[in-house]
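Remarks on the structure that follows.
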Number of protein chains: 2
Amino acid sequence: MTHIQTTSEPAIILVSPQMGENIGAAARVMANFGLTDLRIINPRDGWPNSKADTMSAGAFDWGVYARVYDTLEEGIADLTYVLATTARPRGMEKPVFNVDQGIGALVSRPNVGIGVMFGAEKMGLLNEEVTLADAILTYPVDRSFSSLNLAQAVGVFAHAWAARDNAVTPEEFAGVGDVARRDELMRMFEHFEEELDRAGFFFPEEKRPVMTQNIRSALIRAQWTRQEVQTFRGAIKALAVGRGKARVQRED
Amino acid sequence: MTHIQTTSEPAIILVSPQMGENIGAAARVMANFGLTDLRIINPRDGWPNSKADTMSAGAFDWGVYARVYDTLEEGIADLTYVLATTARPRGMEKPVFNVDQGIGALVSRPNVGIGVMFGAEKMGLLNEEVTLADAILTYPVDRSFSSLNLAQAVGVFAHAWAARDNAVTPEEFAGVGDVARRDELMRMFEHFEEELDRAGFFFPEEKRPVMTQNIRSALIRAQWTRQEVQTFRGAIKALAVGRGKARVQRED
């Protein structure tokens with residue numbers, strides 16, 4: 001398979017965008033660089049949005065296909081490799097790529113669903129959203145003026161994607177064809193966390209978010225195959241059942 | 001001098017921009033990526049512009065310094081190497097660079113004034129404006145949806161500049177330190193064209209623009225040194241005087 005690379009088009013995932021103008025401008029620059037898969041998670045002002053239409057300069061008619069989801073998990077369910085754009089390092093144990101490296105990482109994963117997440121205006125992506133990504137994509141912004149317009153962030157990525165023949169592959173990617181979809185991973189996480197919860201793992205309660213984040217972040221790095229997901233879920237189940245009667249009645 | 005490269009910051013030159021919003025958004029993304037030298041040529045709605053201020057998100061206070069000029073020639077007078085962004089090839093005899101190559105070309109010219117020209121919304125740069133550049137910078141836009149927002153075009157360049165440590169130098173640049181400024185070249189062109197005019201060269205009259213453009217485009221490719229400009233102007237003068245009494249009274 002070495003020289004056969006049929007790279008899917010990356011989905012552009014806007015997480016909780018606020019202004020319709022920015023969604024429209026993002027769609028326009030996607031079209032400029034030939035991208036069509038736009039996923040809008042929980043848009044503040046609903047959808048459709050007339051300001052988005054105006055700013056899109058006809059991109060939706062041209063072929064940008066926008067889908068709206070209530071949650072990020074739904075929006076990335078069918079993907080297997082996702083980048084999260086952030087302006088600043090988050091101290092997470094994830095690969096941090098510049099744009100060339102990020103494009104290279106996407107290109108090196110043929111025949112799988114790929115995407116890039118962009119956070120809301122001002123706030124960017126929340127940590128629990130970044131946790132769901134495989135790697136972080138950063139732009140070399142000036143630290144004293146780091147708030148990049150949302151559509152500009154999409155534009156920089158979209159240009160780099162269109163220019164990807166020059167991209168550098170940051171690593172060889174060994175496993176192809178069998179990578180678990182993001183929704184399969186999410187079910188695995190939920191299963192794991194449910195059992196951890198029953199086991200009293202999340203204590204004190206206020207540490208639950210950071211504990212969950214750390215676990216997900218660690219587990220997601222491995223690019224699980226479907227078989228590995230099945231195996232791990234079997235292991236969770238076994239441990240849970242082994243712990244005693246609390247799990248006896250559970251059907252999976 | 002081989003390993004000493006003190007690259008100046010490139011000027012961002014907006015030629016006849018129409019909407020203040022775009023000027024402001026361009027200033028914002030310049031600041032995001034640490035650029036400060038903004039030159040606005042003949043803005044349709046004048047300057048200052050309240051819409052530009054709003055969209056700049058404080059970039060002018062941060063440090064983007066905007067200067068306004070009536071003509072492109074004035075705006076690039078102090079520069080020695082200028083790129084022109086165009087969406088489509090113009091059939092001109094100039095190097096055509098992608099963004100990585102364009103950045104490499106700029107980086108390879110230390111200690112000189114460098115800049116990038118961006119044309120008006122919808123129209124882009126006119127051919128006579130592109131003629132004044134040393135090379136063309138193109139983005140790989142989709143041909144069926146090629147109209148990039150002005151500030152997006154600036155943003156793609158500004159990001160690539162900030163990420164320039166990864167840039168590829170397209171060529172070695174031999175001559176440094178002595179390159180003629182753009183205003184010196186312009187005076188040379190005007191001198192030459194004036195004499196050509198007296199000699200009846202521009203015939204028929206409607207061909208004058210394309211003839212001028214071809215001459216300027218050919219001459220500008222050489223990255224003239226100041227000495228070469230002096231020599232060429234001497235040659236023009238000699239030819240003109242040699243042609244007869246029409247030039248006898250002229251003081252230079």
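FYI, nothing fancy with the structure tokens labels: chains A, B, ... in order, residues from 1 per chain, ligands from 1 as they appear.
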
Counting only C-alpha atoms, which residues in chain B sit no more than 6 Å from chain A? For each one, give the nearest pair of atoms and the distance in Å, sorted by chain then residue number, as a Markdown table.
| residue | atom | partner | partner_atom | distance |
| --- | --- | --- | --- | --- |
| B:Asn32 | CA | A:Val141 | CA | 5.2 |
| B:Phe33 | CA | A:Val141 | CA | 4.9 |
| B:Gly34 | CA | A:Asp142 | CA | 5.5 |
| B:Val141 | CA | A:Phe33 | CA | 4.9 |
| B:Asp142 | CA | A:Phe33 | CA | 5.3 |
| B:Phe145 | CA | A:Asn32 | CA | 5.3 |
| B:Ser146 | CA | A:Asn32 | CA | 5.3 |
| B:Val156 | CA | A:Val156 | CA | 5.3 |

Write to file, as an mmCIF file, in the first residue's frame, the residues of the selection just made, with C-alpha atoms.
data_model
loop_
_atom_site.group_PDB
_atom_site.id
_atom_site.type_symbol
_atom_site.label_atom_id
_atom_site.label_comp_id
_atom_site.auth_asym_id
_atom_site.auth_seq_id
_atom_site.Cartn_x
_atom_site.Cartn_y
_atom_site.Cartn_z
ATOM 1 C CA ASN B 32 -1.680 38.421 14.899
ATOM 2 C CA PHE B 33 1.453 37.471 13.024
ATOM 3 C CA GLY B 34 3.650 40.342 14.172
ATOM 4 C CA VAL B 141 -7.378 28.788 -5.216
ATOM 5 C CA ASP B 142 -10.168 26.737 -6.732
ATOM 6 C CA PHE B 145 -14.450 30.007 -6.679
ATOM 7 C CA SER B 146 -11.314 32.069 -6.809
ATOM 8 C CA VAL B 156 -2.354 33.601 4.450
#

* Trp224 (chain A) surroundings by only C-alpha atoms, 10 Å radius, close-in-sequence under 6 positions cut, as JSON, numbers by chain -> {"A": [80, 175, 178, 179, 180, 181, 182, 184, 185, 230, 232]}

* Within 8 Å of Glu121 (chain B) using only C-alpha atoms, minus same-chain residues under 5 positions, as a PyMOL selection string -> chain B and resi 17-18+149-150

DSSP says strand (DSSP E) for which residues of region 21-237 of chain A? Put them as a short mmCIF file (atom, residue, chain, number, x, y, z; two decimals) with N, CA, C and O atoms, in the first residue's frame?
data_model
loop_
_atom_site.label_atom_id
_atom_site.label_comp_id
_atom_site.auth_asym_id
_atom_site.auth_seq_id
_atom_site.Cartn_x
_atom_site.Cartn_y
_atom_site.Cartn_z
N ASP A 37 -16.72 20.23 3.31
CA ASP A 37 -17.37 19.55 4.45
C ASP A 37 -17.30 20.43 5.70
O ASP A 37 -16.32 20.44 6.44
N LEU A 38 -18.38 21.21 5.91
CA LEU A 38 -18.44 22.14 7.04
C LEU A 38 -19.38 21.58 8.10
O LEU A 38 -20.53 21.25 7.82
N ARG A 39 -18.89 21.50 9.34
CA ARG A 39 -19.71 20.99 10.44
C ARG A 39 -19.79 22.06 11.51
O ARG A 39 -18.75 22.52 12.01
N ILE A 40 -20.99 22.44 11.85
CA ILE A 40 -21.20 23.54 12.78
C ILE A 40 -21.79 22.96 14.06
O ILE A 40 -22.88 22.39 14.04
N ILE A 41 -21.06 23.10 15.14
CA ILE A 41 -21.51 22.54 16.41
C ILE A 41 -22.16 23.64 17.24
O ILE A 41 -21.51 24.63 17.55
N TYR A 65 -21.04 22.23 1.98
CA TYR A 65 -22.21 21.57 2.55
C TYR A 65 -22.13 21.67 4.08
O TYR A 65 -21.23 21.11 4.69
N ALA A 66 -23.05 22.43 4.66
CA ALA A 66 -22.99 22.68 6.11
C ALA A 66 -23.96 21.75 6.83
O ALA A 66 -25.12 21.63 6.46
N ARG A 67 -23.46 21.10 7.86
CA ARG A 67 -24.31 20.30 8.74
C ARG A 67 -24.19 20.83 10.15
O ARG A 67 -23.11 21.27 10.56
N VAL A 68 -25.28 20.78 10.88
CA VAL A 68 -25.31 21.33 12.23
C VAL A 68 -25.52 20.20 13.23
O VAL A 68 -26.34 19.30 12.99
N TYR A 69 -24.77 20.24 14.32
CA TYR A 69 -24.87 19.22 15.36
C TYR A 69 -25.03 19.90 16.72
O TYR A 69 -24.54 21.01 16.93
N TYR A 81 -9.40 10.77 12.71
CA TYR A 81 -8.21 11.54 13.07
C TYR A 81 -8.57 13.02 13.01
O TYR A 81 -8.99 13.53 11.97
N VAL A 82 -8.42 13.68 14.15
CA VAL A 82 -8.91 15.06 14.27
C VAL A 82 -7.83 15.95 14.90
O VAL A 82 -7.21 15.57 15.90
N LEU A 83 -7.62 17.10 14.30
CA LEU A 83 -6.73 18.10 14.87
C LEU A 83 -7.55 19.17 15.58
O LEU A 83 -8.67 19.46 15.17
N ALA A 84 -6.98 19.76 16.63
CA ALA A 84 -7.61 20.87 17.34
C ALA A 84 -6.72 22.08 17.23
O ALA A 84 -5.54 22.03 17.60
N THR A 85 -7.26 23.19 16.71
CA THR A 85 -6.45 24.40 16.61
C THR A 85 -6.52 25.17 17.93
O THR A 85 -7.60 25.41 18.47
N THR A 86 -5.37 25.55 18.42
CA THR A 86 -5.31 26.36 19.64
C THR A 86 -4.24 27.41 19.46
O THR A 86 -3.24 27.20 18.79
N VAL A 96 2.04 18.44 19.18
CA VAL A 96 1.75 19.82 18.80
C VAL A 96 2.40 20.07 17.44
O VAL A 96 3.62 19.96 17.31
N PHE A 97 1.57 20.38 16.46
CA PHE A 97 2.05 20.53 15.09
C PHE A 97 1.97 21.98 14.65
O PHE A 97 1.01 22.69 15.00
N ILE A 114 -11.01 12.54 8.32
CA ILE A 114 -10.13 13.49 9.00
C ILE A 114 -10.85 14.83 9.17
O ILE A 114 -11.78 15.15 8.43
N GLY A 115 -10.43 15.59 10.16
CA GLY A 115 -11.06 16.88 10.38
C GLY A 115 -10.20 17.80 11.24
O GLY A 115 -9.23 17.37 11.86
N VAL A 116 -10.58 19.06 11.25
CA VAL A 116 -9.90 20.07 12.06
C VAL A 116 -10.94 20.88 12.81
O VAL A 116 -11.90 21.39 12.21
N MET A 117 -10.76 20.99 14.12
CA MET A 117 -11.68 21.71 14.98
C MET A 117 -11.20 23.14 15.23
O MET A 117 -10.01 23.35 15.51
N PHE A 118 -12.15 24.08 15.17
CA PHE A 118 -11.85 25.48 15.47
C PHE A 118 -12.80 25.94 16.56
O PHE A 118 -14.02 25.73 16.46
N ALA A 135 -4.32 15.51 17.96
CA ALA A 135 -3.14 16.36 18.01
C ALA A 135 -3.58 17.82 17.96
O ALA A 135 -4.72 18.12 17.61
N ILE A 136 -2.66 18.67 18.35
CA ILE A 136 -2.93 20.11 18.39
C ILE A 136 -2.24 20.78 17.21
O ILE A 136 -1.12 20.45 16.86
N LEU A 137 -2.97 21.71 16.60
CA LEU A 137 -2.43 22.50 15.49
C LEU A 137 -2.29 23.93 16.00
O LEU A 137 -3.28 24.52 16.46
N THR A 138 -1.09 24.48 15.95
CA THR A 138 -0.91 25.86 16.42
C THR A 138 -0.37 26.74 15.31
O THR A 138 0.36 26.29 14.44
#

* Skip Asp183 (chain B) itself and residues of its chain fewer than 6 positions away, then list as a list in words all residues within 9 Å of it, counting only C-alpha atoms. => Glu73, Glu74, Ile76, Ala77, Asp78, Leu79 and Thr80 of chain B

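The spacing separating CA of His191 (chain B) from CA of Lys237 (chain B) amounts to 8.6 Å.
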
* Asked: Quick one: DSSP helix (DSSP H, G or I) residues in region 12-195 of chain B, as a ChimeraX atom specification?
  -> /B:20-32,50-56,59-62,72-75,99-107,127-130,150-162,164-166,182-195
